[in-house]
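Text of the file run.txt, holding compact mmCIF, C-alpha atoms:
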```
# COMPACT_ATOMS: atom_id res chain seq x y z
CA MET A 5 67.05 -32.34 8.17
CA ASN A 6 70.24 -31.00 9.61
CA ARG A 7 70.43 -28.30 12.16
CA SER A 8 71.65 -25.40 10.01
CA GLU A 9 68.98 -26.05 7.41
CA ASN A 10 66.43 -25.92 10.21
CA ARG A 11 67.79 -22.63 11.41
CA GLY A 12 67.38 -21.19 7.92
CA LEU A 13 63.76 -22.31 7.82
CA TRP A 14 63.05 -20.80 11.21
CA LEU A 15 64.55 -17.52 10.08
CA LEU A 16 62.39 -17.60 6.97
CA LEU A 17 59.30 -18.35 9.06
CA GLY A 18 59.98 -15.36 11.29
CA LEU A 19 60.69 -13.07 8.37
CA LEU A 20 57.52 -14.10 6.58
CA ALA A 21 55.43 -13.39 9.67
CA VAL A 22 57.04 -9.97 10.11
CA PHE A 23 56.66 -9.24 6.40
CA SER A 24 52.99 -10.20 6.52
CA LEU A 25 52.38 -7.97 9.51
CA SER A 26 54.16 -5.05 7.88
CA LEU A 27 51.80 -5.30 4.92
CA PHE A 28 49.11 -4.13 7.30
CA LEU A 29 51.16 -1.94 9.61
CA ILE A 30 53.12 0.17 7.11
CA PRO A 31 50.09 1.78 5.43
CA ALA A 32 48.23 1.96 8.74
CA PHE A 33 51.16 3.87 10.21
CA VAL A 34 51.59 6.22 7.26
CA ILE A 35 47.89 6.96 6.75
CA ARG A 36 46.98 7.92 10.27
CA PRO A 37 44.79 10.89 11.05
CA PHE A 38 46.12 14.26 12.15
CA ARG A 39 49.61 13.44 10.94
CA HIS A 40 51.61 14.69 8.05
CA GLN A 41 51.77 12.43 5.00
CA SER A 42 54.59 13.19 2.63
CA GLU A 43 53.92 12.48 -1.01
CA ARG A 44 56.50 9.73 -1.01
CA ALA A 45 55.27 8.02 2.14
CA LEU A 46 51.71 8.16 0.82
CA GLY A 47 52.86 6.68 -2.47
CA VAL A 48 54.51 3.79 -0.64
CA ALA A 49 51.47 3.28 1.60
CA ILE A 50 49.09 3.10 -1.34
CA ALA A 51 51.41 0.82 -3.30
CA VAL A 52 51.61 -1.53 -0.30
CA LYS A 53 47.83 -1.43 0.16
CA ARG A 54 47.29 -2.37 -3.45
CA ILE A 55 49.50 -5.47 -3.38
CA ALA A 56 48.90 -6.40 0.26
CA PRO A 57 45.82 -8.64 -0.22
CA ALA A 58 47.69 -10.95 -2.60
CA LEU A 59 51.03 -10.85 -0.78
CA ALA A 60 49.46 -11.47 2.62
CA VAL A 61 47.86 -14.66 1.32
CA ALA A 62 51.15 -15.75 -0.23
CA ALA A 63 52.93 -15.08 3.07
CA LEU A 64 50.29 -17.05 4.96
CA VAL A 65 50.73 -20.01 2.62
CA GLY A 66 54.50 -19.78 3.13
CA VAL A 67 54.14 -19.71 6.91
CA LEU A 68 51.79 -22.69 6.76
CA ALA A 69 54.20 -24.70 4.63
CA LEU A 70 57.20 -23.88 6.80
CA GLY A 71 55.24 -24.50 9.98
CA ALA A 72 54.15 -27.93 8.74
CA ARG A 73 57.71 -28.76 7.79
CA LEU A 74 59.15 -27.70 11.15
CA TRP A 75 56.35 -28.98 13.37
CA ARG A 76 57.52 -32.58 13.86
CA SER A 77 61.07 -31.70 14.90
CA SER A 78 59.96 -28.92 17.24
CA SER A 79 59.61 -28.86 20.99
CA ARG A 80 56.37 -27.68 22.50
CA TRP A 81 57.94 -24.30 23.08
CA LEU A 82 59.00 -23.95 19.44
CA ARG A 83 55.58 -25.09 18.29
CA SER A 84 54.01 -22.17 20.09
CA GLY A 85 56.29 -20.00 17.97
CA ILE A 86 54.90 -21.61 14.83
CA VAL A 87 51.35 -21.04 16.01
CA THR A 88 52.12 -17.39 16.79
CA ALA A 89 53.59 -16.83 13.33
CA LEU A 90 50.52 -18.46 11.82
CA LEU A 91 48.10 -16.37 13.84
CA LEU A 92 49.91 -13.14 12.98
CA SER A 93 49.99 -13.95 9.28
CA ALA A 94 46.34 -14.96 9.28
CA ALA A 95 45.35 -11.79 11.13
CA SER A 96 47.30 -9.72 8.66
CA ALA A 97 45.70 -11.46 5.68
CA VAL A 98 42.30 -10.56 7.12
CA LEU A 99 43.18 -7.01 8.21
CA VAL A 100 44.62 -5.93 4.86
CA ARG A 101 41.21 -6.67 3.36
CA GLN A 102 39.39 -4.50 5.89
CA ASN A 103 38.61 -0.85 5.36
CA TYR A 104 38.73 0.43 8.90
CA PHE A 105 37.95 3.95 7.71
CA GLU A 106 34.50 2.67 6.88
CA TRP A 107 34.21 1.06 10.31
CA MET A 108 34.76 4.47 11.81
CA PHE A 109 32.46 6.52 9.63
CA ASN A 110 29.83 4.07 8.35
CA PRO A 111 29.12 4.68 4.69
CA ILE A 112 25.62 5.62 3.54
CA THR A 113 24.52 2.68 1.43
CA THR A 114 20.98 3.74 0.63
CA PRO A 115 20.36 7.42 1.28
CA GLY A 116 16.91 8.43 2.47
CA PHE A 117 15.41 11.79 1.66
CA VAL A 118 12.63 13.88 3.13
CA SER A 119 10.91 17.02 1.94
CA ALA A 120 12.15 20.37 3.23
CA GLY A 121 9.13 20.64 5.52
CA ASP A 122 9.71 17.22 7.10
CA ALA A 123 13.40 17.67 7.81
CA HIS A 124 14.35 17.89 11.47
CA LEU A 125 16.96 20.51 10.91
CA GLY A 126 17.40 23.96 12.43
CA ASP A 127 17.33 26.97 10.14
CA LYS A 128 20.91 27.82 11.07
CA GLU A 129 22.32 24.42 10.20
CA MET A 130 24.54 24.47 7.14
CA VAL A 131 23.71 22.31 4.14
CA MET A 132 25.51 21.54 0.92
CA ALA A 133 23.04 22.34 -1.81
CA VAL A 134 22.89 21.33 -5.43
CA GLN A 135 20.32 21.74 -8.14
CA ILE A 136 20.33 19.95 -11.46
CA GLY A 137 17.38 20.74 -13.66
CA GLN A 138 14.25 20.34 -11.56
CA GLU A 139 15.95 18.31 -8.86
CA ALA A 140 17.42 20.02 -5.81
CA ARG A 141 19.09 18.42 -2.82
CA ALA A 142 20.32 19.63 0.53
CA TYR A 143 22.89 17.55 2.36
CA PRO A 144 23.18 18.61 6.02
CA ILE A 145 26.83 19.18 6.84
CA VAL A 146 26.38 17.68 10.27
CA GLN A 147 25.69 14.36 8.51
CA MET A 148 28.25 14.77 5.75
CA ALA A 149 30.96 15.63 8.27
CA TYR A 150 30.40 12.18 9.75
CA HIS A 151 29.82 9.95 6.70
CA HIS A 152 32.06 12.09 4.45
CA ILE A 153 31.02 10.50 1.18
CA LEU A 154 27.65 10.01 -0.48
CA ASN A 155 27.00 8.61 -3.93
CA ASP A 156 23.81 10.11 -5.27
CA THR A 157 22.07 10.73 -8.56
CA VAL A 158 20.38 14.08 -9.06
CA GLY A 159 18.40 14.80 -12.20
CA ASP A 160 20.01 11.76 -13.88
CA VAL A 161 23.51 13.05 -13.11
CA PRO A 162 25.59 10.72 -10.93
CA ILE A 163 27.39 12.79 -8.33
CA VAL A 164 29.50 12.17 -5.27
CA VAL A 165 29.02 14.50 -2.33
CA THR A 166 32.17 14.83 -0.28
CA TYR A 167 32.93 16.68 2.90
CA MET B 15 31.02 17.72 -4.85
CA TRP B 16 31.93 15.93 -8.05
CA LYS B 17 30.32 14.23 -11.00
CA ARG B 18 31.19 10.60 -10.44
CA THR B 19 32.11 9.66 -13.96
CA ALA B 20 35.59 9.25 -15.42
CA ARG B 21 36.62 8.06 -18.86
CA GLY B 22 32.97 7.52 -19.71
CA ARG B 23 32.38 5.26 -16.75
CA GLU B 24 30.09 5.71 -13.76
CA LEU B 25 31.93 5.26 -10.47
CA HIS B 26 30.90 4.64 -6.87
CA PHE B 27 33.18 6.03 -4.22
CA TYR B 28 33.99 5.00 -0.70
CA LEU B 29 36.18 6.36 2.02
CA ALA B 30 39.60 4.75 2.02
CA GLY B 31 42.18 6.81 3.85
CA ILE B 32 43.51 10.17 4.80
CA ASN B 33 46.18 12.46 3.44
CA ASN B 34 47.11 15.49 5.50
CA GLN B 35 43.60 15.65 6.98
CA ASN B 36 42.00 15.34 3.60
CA PHE B 37 40.15 12.22 2.74
CA LEU B 38 41.20 9.71 0.16
CA MET B 39 38.51 7.74 -1.59
CA ARG B 40 38.48 4.75 -3.86
CA ASP B 41 36.04 3.76 -6.54
CA ARG B 42 34.46 0.30 -6.41
CA GLU B 43 34.81 -0.17 -10.15
CA THR B 44 38.59 0.10 -10.52
CA GLY B 45 39.89 0.48 -6.96
CA SER B 46 41.75 3.64 -7.97
CA TRP B 47 42.71 6.10 -5.25
CA TRP B 48 41.35 9.65 -5.39
CA GLN B 49 42.12 12.78 -3.46
CA GLN B 50 38.75 14.11 -2.34
CA VAL B 51 39.66 17.79 -2.35
CA THR B 52 41.14 17.87 -5.84
CA GLY B 53 38.95 15.23 -7.50
CA ARG B 54 42.05 13.67 -9.01
CA ALA B 55 43.04 10.01 -9.11
CA ILE B 56 46.52 9.62 -7.64
CA ALA B 57 46.96 5.85 -7.99
CA GLY B 58 45.39 2.88 -9.72
CA ALA B 59 43.97 2.26 -13.18
CA LEU B 60 42.44 5.74 -13.39
CA ALA B 61 45.52 7.59 -12.08
CA GLY B 62 45.72 11.00 -13.73
CA SER B 63 41.98 11.26 -14.33
CA ALA B 64 40.10 14.18 -12.88
CA LEU B 65 36.47 14.35 -11.84
CA GLU B 66 34.38 17.24 -13.05
CA LEU B 67 33.36 19.67 -10.34
CA MET B 68 29.66 19.77 -9.53
CA PRO B 69 28.79 23.37 -8.74
CA ASN B 70 27.11 23.59 -5.34
CA ASP B 71 26.32 25.94 -2.50
CA GLU B 72 26.97 25.88 1.18
CA LEU B 73 23.94 27.55 2.72
CA THR B 74 22.04 27.67 5.96
CA PHE B 75 19.04 25.37 5.84
CA GLY B 76 16.76 28.39 6.43
CA LEU B 77 18.05 30.18 3.37
CA TRP B 78 17.92 27.03 1.24
CA LYS B 79 14.29 26.54 2.26
CA SER B 80 13.35 30.11 1.46
CA GLU B 81 14.99 29.87 -1.97
CA ALA B 82 13.35 26.49 -2.50
CA SER B 83 9.94 27.96 -1.72
CA GLN B 84 10.41 30.43 -4.55
CA GLY B 85 11.88 27.91 -6.96
CA GLN B 86 10.40 25.18 -9.07
CA GLY B 87 11.21 21.51 -8.83
CA ARG B 88 11.64 18.74 -6.33
CA PHE B 89 13.50 19.79 -3.21
CA LEU B 90 14.76 17.01 -0.97
CA VAL B 91 16.86 16.87 2.18
CA LEU B 92 19.14 13.98 3.09
CA ALA B 93 17.63 12.24 6.11
CA PRO B 94 19.76 11.04 9.03
CA VAL B 95 20.87 7.48 8.42
CA PRO B 96 18.95 5.13 10.75
CA GLY B 97 21.11 4.00 13.63
CA HIS B 98 23.03 7.24 13.83
CA ASP B 99 22.08 9.92 16.28
CA ASP B 100 23.45 13.15 17.67
CA LYS B 101 26.43 11.31 19.05
CA ASP B 102 27.67 10.59 15.54
CA TYR B 103 26.27 13.78 14.05
CA ASP B 104 28.27 15.83 16.48
CA LYS B 105 27.85 19.54 15.90
CA LYS B 106 30.95 20.28 17.92
CA TRP B 107 33.06 17.99 15.77
CA GLU B 108 34.64 20.79 13.76
CA GLU B 109 35.53 22.68 16.91
CA GLU B 110 37.09 19.51 18.27
CA VAL B 111 39.05 18.93 15.08
CA ALA B 112 40.32 22.48 15.21
CA LYS B 113 42.16 21.65 18.44
CA TYR B 114 44.29 18.98 16.81
CA PRO B 115 47.71 19.88 15.48
CA VAL B 116 47.90 20.62 11.77
CA PRO B 117 49.92 18.27 9.57
CA LEU B 118 51.35 21.17 7.57
CA THR B 119 51.98 24.79 8.33
CA PHE B 120 52.35 27.78 6.03
CA PRO B 121 53.25 30.90 7.96
CA GLY B 122 54.24 34.16 6.32
CA GLN B 123 51.06 35.20 4.54
CA GLY B 124 49.30 36.60 7.56
CA LEU B 125 46.95 33.69 8.15
CA LYS B 126 46.84 31.08 10.88
CA ASP B 127 46.85 27.44 9.79
CA ARG B 128 43.23 26.85 10.71
CA ASP B 129 41.81 30.16 9.55
CA VAL B 130 38.85 29.40 7.32
CA ILE B 131 39.26 30.85 3.86
CA LEU B 132 37.23 30.91 0.69
CA GLY B 133 39.48 29.84 -2.14
CA VAL B 134 38.81 31.00 -5.68
CA VAL B 135 40.75 30.02 -8.79
CA MET B 136 40.27 32.13 -11.92
CA GLY B 137 42.43 32.22 -15.01
CA GLY B 138 45.04 30.05 -13.33
CA GLN B 139 45.33 32.36 -10.34
CA ALA B 140 44.39 31.23 -6.85
CA ARG B 141 43.34 33.61 -4.11
CA ALA B 142 42.28 33.01 -0.52
CA PHE B 143 39.70 35.26 1.11
CA PRO B 144 39.57 35.01 4.90
CA LEU B 145 35.96 34.11 5.73
CA ALA B 146 35.92 36.50 8.68
CA LYS B 147 36.85 39.35 6.38
CA VAL B 148 34.19 38.44 3.82
CA ARG B 149 31.51 38.34 6.53
CA GLU B 150 32.65 41.69 7.85
CA ALA B 151 32.99 43.54 4.55
CA SER B 152 30.45 41.82 2.25
CA PRO B 153 30.17 42.39 -0.64
CA VAL B 154 33.90 42.01 -1.25
CA GLU B 155 34.98 42.99 -4.74
CA ASP B 156 38.22 41.87 -6.31
CA LYS B 157 39.88 40.86 -9.54
CA ILE B 158 41.42 37.42 -9.98
CA GLY B 159 43.26 36.56 -13.17
CA GLY B 160 41.74 39.69 -14.69
CA VAL B 161 38.18 38.63 -13.86
CA PRO B 162 36.08 40.88 -11.61
CA VAL B 163 34.49 38.86 -8.83
CA VAL B 164 32.31 39.65 -5.85
CA LEU B 165 31.99 37.60 -2.67
CA VAL B 166 28.67 38.09 -0.95
CA THR B 167 27.35 37.07 2.45
CA GLY B 168 23.66 36.27 2.29
CA PRO B 169 20.71 37.58 4.28
CA ASP B 170 21.38 34.96 6.97
CA GLY B 171 24.82 36.42 7.60
CA GLU B 172 26.35 32.95 7.13
CA SER B 173 25.93 31.70 3.58
CA VAL B 174 28.40 32.96 1.00
CA ARG B 175 28.25 33.05 -2.78
CA VAL B 176 30.75 34.27 -5.34
CA PHE B 177 29.77 35.86 -8.65
CA ARG B 178 31.48 37.24 -11.67
CA SER B 179 30.62 40.94 -11.32
CA GLN B 180 30.02 41.52 -14.97
CA TRP B 181 26.78 42.08 -16.79
CA ASN B 182 26.47 42.56 -20.51
CA GLY B 183 30.25 42.49 -20.79
CA GLN B 184 30.49 45.42 -18.42
CA ASP B 185 32.15 45.37 -15.00
CA ILE B 186 29.65 46.32 -12.31
CA ASP B 187 30.12 47.55 -8.77
CA LEU B 188 27.84 45.91 -6.27
CA TYR B 189 26.97 47.28 -2.87
CA ARG B 190 24.53 46.58 -0.11
CA ASP B 191 21.21 48.32 -0.02
CA THR B 192 21.63 49.03 3.65
CA GLN B 193 18.41 50.98 4.01
CA ASN B 194 16.41 48.12 2.67
CA ASP B 195 18.08 45.33 4.56
CA GLU B 196 18.83 47.06 7.82
CA LYS B 197 16.28 44.88 9.54
CA SER B 198 17.88 41.64 8.57
CA ASP B 199 21.28 43.15 9.29
CA GLY B 200 20.18 44.76 12.55
CA LYS B 201 21.85 42.46 15.06
CA GLY B 202 24.79 41.13 13.14
CA ASP B 203 24.28 37.45 12.56
CA GLY B 204 21.64 37.68 15.25
CA GLU B 205 19.89 35.08 17.32
CA ASN B 206 16.57 35.63 15.62
CA ASN B 207 16.13 32.36 13.79
CA GLY B 208 13.14 32.47 11.44
CA GLN B 209 14.45 35.70 9.90
CA SER B 210 15.46 34.09 6.66
CA ALA B 211 12.06 33.15 5.34
CA GLY B 212 10.34 36.35 6.36
CA GLN B 213 12.96 38.92 5.57
CA ALA B 214 15.10 37.41 2.87
CA PRO B 215 13.19 39.14 0.05
CA LYS B 216 14.15 42.51 1.54
CA TRP B 217 17.82 41.78 1.34
CA ARG B 218 19.33 42.98 -1.91
CA LEU B 219 22.36 44.37 -3.63
CA LEU B 220 22.46 47.43 -5.83
CA ASP B 221 24.77 48.30 -8.68
CA SER B 222 25.81 51.44 -10.45
CA LEU B 223 23.50 50.68 -13.40
CA GLY B 224 20.32 50.81 -11.36
CA ASN B 225 19.83 47.07 -10.94
CA THR B 226 18.84 45.29 -7.78
CA TRP B 227 20.18 41.77 -7.22
CA ASN B 228 19.12 38.98 -4.90
CA PHE B 229 21.39 36.46 -3.20
CA ALA B 230 20.90 33.98 -6.03
CA GLY B 231 22.71 36.55 -8.18
CA CYS B 232 19.66 37.36 -10.25
CA ALA B 233 18.44 40.86 -11.02
CA THR B 234 15.09 41.61 -9.41
CA GLY B 235 14.82 45.09 -10.90
CA GLY B 236 16.53 47.46 -13.34
CA PRO B 237 17.71 46.92 -16.89
CA ALA B 238 19.08 43.44 -16.10
CA VAL B 239 15.85 42.19 -14.55
CA GLY B 240 15.39 38.43 -14.85
CA GLN B 241 19.03 37.83 -15.72
CA CYS B 242 21.59 36.26 -13.42
CA LEU B 243 25.25 36.79 -12.76
CA GLU B 244 27.62 33.93 -13.45
CA LYS B 245 28.17 31.96 -10.26
CA ILE B 246 31.76 31.11 -9.45
CA ASN B 247 32.88 28.00 -7.63
CA PHE B 248 34.93 28.32 -4.54
CA LEU B 249 36.22 26.09 -1.80
CA LYS B 250 35.69 26.76 1.89
CA ASP B 251 38.80 25.37 3.45
CA TYR B 252 41.39 25.71 6.15
CA TRP B 253 44.28 27.92 5.15
CA PHE B 254 46.93 25.18 5.46
CA ASP B 255 44.95 22.84 3.24
CA TRP B 256 44.24 25.43 0.57
CA LYS B 257 47.88 26.52 0.53
CA ASN B 258 49.01 22.92 0.26
CA TYR B 259 47.04 22.36 -2.94
CA ASN B 260 47.47 25.91 -4.25
CA PRO B 261 51.08 26.77 -3.45
CA GLN B 262 50.98 29.95 -5.57
CA THR B 263 47.90 31.35 -3.87
CA THR B 264 47.74 34.98 -2.89
CA VAL B 265 45.72 36.26 0.04
CA TYR B 266 43.10 38.99 -0.17
CA THR B 267 44.24 41.76 2.11
CA HIS B 268 42.23 44.92 1.37
```
Represent the structure from my file as structure tokens, please.
Amino acid sequence: MNRSENRGLWLLLGLLAVFSLSLFLIPAFVIRPFRHQSERALGVAIAVKRIAPALAVAALVGVLALGARLWRSSSRWLRSGIVTALLLSAASAVLVRQNYFEWMFNPITTPGFVSAGDAHLGDKEMVMAVQIGQEARAYPIVQMAYHHILNDTVGDVPIVVTY
Amino acid sequence: MWKRTARGRELHFYLAGINNQNFLMRDRETGSWWQQVTGRAIAGALAGSALELMPNDELTFGLWKSEASQGQGRFLVLAPVPGHDDKDYDKKWEEEVAKYPVPLTFPGQGLKDRDVILGVVMGGQARAFPLAKVREASPVEDKIGGVPVVLVTGPDGESVRVFRSQWNGQDIDLYRDTQNDEKSDGKGDGENNGQSAGQAPKWRLLDSLGNTWNFAGCATGGPAVGQCLEKINFLKDYWFDWKNYNPQTTVYTH
């Protein structure tokens, strides 16, 4: 391997690591709370999120291959660079598969219900109420404002309660 | 609240992101992205699909209970999810949120960005009713897209419903029976909790045809007795958010 070829591979390694990281960071930056999302930025963020799981794995494989290729000819100092690129790409491949919005707000997987008389809820608390046929439900807003989404079935009708 | 079916398929939604302080959700079945407030898919296999609105009420628990006690059927309340306590179910959360900057601002129509409005869309026309004004002047009568509507604050002074103020094809004027409900109205929204169950039946609206109406929109006396007004869906929302999704909206100003 000559020197200039090596330099090209190093550049590629660095670019792949940055690319991998941006797969996570671009949507995370665009879709952050209390900020404005323009339609275009949101479109880009969602597009990136959709392809990120596959691309992040591809980038990780690329970094692995390049790292293996460069390892033997590298000094200890350069090897730490390879390890860093690997760690970043691996972290990104994991992070793009995580839904951190669900970490924050904990989805309701199996909703529990109580009768009106058994509910520990003040009379002034607001509820979202729905009735379908003979089935009626009250969803306390104090809970919905935290979990935000609840998949339920009321009177055989599948509904999603959102707040 | 939406029916979670699209293109004949049952979907399960989960929280997936945020767009101008409005949540984005995805469905487990196709991974499509949906805007919670509009019920529309904005990306993915189901892009362009729209969920059907599930008519619902936002009521105080006291009022819901008192209506439930008069109704038939199975009435259930969502229980707190185990492992979550008052720290997560933070009642001050909305007040806290209201301190954050807004992602969008729409000055010029007399409302502040975080003013709470009730948004109604009828016949392609959108109108925002400031909640404070509805509470103060209930029942508020108006016409949207040629349809007569009435916004009513309930006996608890908090809950709001919107009805089409037409019966038998005739426009009707609704007003408060102040003599009858003065007790429940006595101290504004009052601190007297248990009022709803005991005094709700006294609260009623009158119309020019001699009918009396309850907060469910059903006639309790007069020629229309036993019949109900058509309930109209509305969205309780911050002004900036409503305006963002309904750019042509007008604002109720009477």
Mind pulling up the distance from CA of Asn228 (chain B) to CA of Ser83 (chain B)?
14.7 Å
Contacts from chain B to chain A, 8 Å maximum, all atoms listed in the file: show me the residue list as an MDAnalysis selection string.
chainID B and resid 15:19 24 26:35 50 57 68:79 86:95 102:105 114:118 207:208
Let me see the file: selected residues, C-alpha atoms, as a PDB file, in the coordinates of the input.
```pdb
ATOM      1  CA  MET B  15      31.020  17.720  -4.850  1.00  0.00           C
ATOM      2  CA  TRP B  16      31.930  15.930  -8.050  1.00  0.00           C
ATOM      3  CA  LYS B  17      30.320  14.230 -11.000  1.00  0.00           C
ATOM      4  CA  ARG B  18      31.190  10.600 -10.440  1.00  0.00           C
ATOM      5  CA  THR B  19      32.110   9.660 -13.960  1.00  0.00           C
ATOM      6  CA  GLU B  24      30.090   5.710 -13.760  1.00  0.00           C
ATOM      7  CA  HIS B  26      30.900   4.640  -6.870  1.00  0.00           C
ATOM      8  CA  PHE B  27      33.180   6.030  -4.220  1.00  0.00           C
ATOM      9  CA  TYR B  28      33.990   5.000  -0.700  1.00  0.00           C
ATOM     10  CA  LEU B  29      36.180   6.360   2.020  1.00  0.00           C
ATOM     11  CA  ALA B  30      39.600   4.750   2.020  1.00  0.00           C
ATOM     12  CA  GLY B  31      42.180   6.810   3.850  1.00  0.00           C
ATOM     13  CA  ILE B  32      43.510  10.170   4.800  1.00  0.00           C
ATOM     14  CA  ASN B  33      46.180  12.460   3.440  1.00  0.00           C
ATOM     15  CA  ASN B  34      47.110  15.490   5.500  1.00  0.00           C
ATOM     16  CA  GLN B  35      43.600  15.650   6.980  1.00  0.00           C
ATOM     17  CA  GLN B  50      38.750  14.110  -2.340  1.00  0.00           C
ATOM     18  CA  ALA B  57      46.960   5.850  -7.990  1.00  0.00           C
ATOM     19  CA  MET B  68      29.660  19.770  -9.530  1.00  0.00           C
ATOM     20  CA  PRO B  69      28.790  23.370  -8.740  1.00  0.00           C
ATOM     21  CA  ASN B  70      27.110  23.590  -5.340  1.00  0.00           C
ATOM     22  CA  ASP B  71      26.320  25.940  -2.500  1.00  0.00           C
ATOM     23  CA  GLU B  72      26.970  25.880   1.180  1.00  0.00           C
ATOM     24  CA  LEU B  73      23.940  27.550   2.720  1.00  0.00           C
ATOM     25  CA  THR B  74      22.040  27.670   5.960  1.00  0.00           C
ATOM     26  CA  PHE B  75      19.040  25.370   5.840  1.00  0.00           C
ATOM     27  CA  GLY B  76      16.760  28.390   6.430  1.00  0.00           C
ATOM     28  CA  LEU B  77      18.050  30.180   3.370  1.00  0.00           C
ATOM     29  CA  TRP B  78      17.920  27.030   1.240  1.00  0.00           C
ATOM     30  CA  LYS B  79      14.290  26.540   2.260  1.00  0.00           C
ATOM     31  CA  GLN B  86      10.400  25.180  -9.070  1.00  0.00           C
ATOM     32  CA  GLY B  87      11.210  21.510  -8.830  1.00  0.00           C
ATOM     33  CA  ARG B  88      11.640  18.740  -6.330  1.00  0.00           C
ATOM     34  CA  PHE B  89      13.500  19.790  -3.210  1.00  0.00           C
ATOM     35  CA  LEU B  90      14.760  17.010  -0.970  1.00  0.00           C
ATOM     36  CA  VAL B  91      16.860  16.870   2.180  1.00  0.00           C
ATOM     37  CA  LEU B  92      19.140  13.980   3.090  1.00  0.00           C
ATOM     38  CA  ALA B  93      17.630  12.240   6.110  1.00  0.00           C
ATOM     39  CA  PRO B  94      19.760  11.040   9.030  1.00  0.00           C
ATOM     40  CA  VAL B  95      20.870   7.480   8.420  1.00  0.00           C
ATOM     41  CA  ASP B 102      27.670  10.590  15.540  1.00  0.00           C
ATOM     42  CA  TYR B 103      26.270  13.780  14.050  1.00  0.00           C
ATOM     43  CA  ASP B 104      28.270  15.830  16.480  1.00  0.00           C
ATOM     44  CA  LYS B 105      27.850  19.540  15.900  1.00  0.00           C
ATOM     45  CA  TYR B 114      44.290  18.980  16.810  1.00  0.00           C
ATOM     46  CA  PRO B 115      47.710  19.880  15.480  1.00  0.00           C
ATOM     47  CA  VAL B 116      47.900  20.620  11.770  1.00  0.00           C
ATOM     48  CA  PRO B 117      49.920  18.270   9.570  1.00  0.00           C
ATOM     49  CA  LEU B 118      51.350  21.170   7.570  1.00  0.00           C
ATOM     50  CA  ASN B 207      16.130  32.360  13.790  1.00  0.00           C
ATOM     51  CA  GLY B 208      13.140  32.470  11.440  1.00  0.00           C
TER      52      GLY B 208
END
```
Would you please work out which residue, of A:Val22, A:Ile86, A:Ala45, A:Leu92, is nearest to Ala69 (chain A) when using all atoms listed in the file?
A:Ile86
Pick the closest to Leu38 (chain B) from B:Leu145, B:Leu67, B:Ala55, B:Leu219: which is it, counting only C-alpha atoms?
B:Ala55
To one decimal place in Å, what is the distance between CA of Phe248 (chain B) and CA of Gly235 (chain B)?
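The value is 26.9 Å.
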Determine, counting only C-alpha atoms, which protein, DNA and RNA residues have an atom within 10 Å of an atom of Gly66 (chain A); residues of the same chain fewer than 5 positions away are not included. Present the result as a PyMOL selection string.
chain A and resi 16-17+20-21+60-61+71-72+90+93
Looking at only C-alpha atoms, which of B:Asp127, B:Glu109, B:Glu172, B:Glu66 is the one that sits closest to Lys257 (chain B)?
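Using only C-alpha atoms, Lys257 (chain B) sits closest to B:Asp127.
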Quick one: everything within 9 Å of Leu27 (chain A), counting only C-alpha atoms, minus sequence neighbours fewer than 3 positions away in the same chain. Send it as a VMD selection string.
chain A and resid 22 to 24 30 to 32 52 to 53 55 to 57 59 to 60 96 to 97 100
So how far away is CA of Leu29 (chain A) from CA of Asn258 (chain B), in Å?
26.6 Å
Listed atoms of region 149-152 of chain A boxed axis-aligned with 8 Å per side, centre + edges as AutoDock Vina command-line options:
```
--center_x 30.9 --center_y 12.8 --center_z 7.1 --size_x 18.2 --size_y 21.7 --size_z 21.3
```
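Distances from B:Leu220, B:Leu125, B:Val130, B:Leu243 to Arg178 (chain B) were compared using all atoms listed in the file, and the smallest one belongs to B:Leu243.
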Determine the nearest neighbour of Arg190 (chain B) from the options B:Ala151, B:Val174, B:Ala233, B:Ala64, counting only C-alpha atoms.
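Smallest separation from Arg190 (chain B) among the options: B:Ala151.
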Using only C-alpha atoms, list the residues that have an atom at most 7 Å from (31.8, 43.4, -10.9), coordinates as in the file, as a PDB file with C-alpha atoms, in the coordinates of the input.
```pdb
ATOM      1  CA  GLU B 155      34.980  42.990  -4.740  1.00  0.00           C
ATOM      2  CA  PRO B 162      36.080  40.880 -11.610  1.00  0.00           C
ATOM      3  CA  VAL B 163      34.490  38.860  -8.830  1.00  0.00           C
ATOM      4  CA  VAL B 164      32.310  39.650  -5.850  1.00  0.00           C
ATOM      5  CA  ARG B 178      31.480  37.240 -11.670  1.00  0.00           C
ATOM      6  CA  SER B 179      30.620  40.940 -11.320  1.00  0.00           C
ATOM      7  CA  GLN B 180      30.020  41.520 -14.970  1.00  0.00           C
ATOM      8  CA  ASP B 185      32.150  45.370 -15.000  1.00  0.00           C
ATOM      9  CA  ILE B 186      29.650  46.320 -12.310  1.00  0.00           C
ATOM     10  CA  ASP B 187      30.120  47.550  -8.770  1.00  0.00           C
ATOM     11  CA  LEU B 188      27.840  45.910  -6.270  1.00  0.00           C
TER      12      LEU B 188
END
```
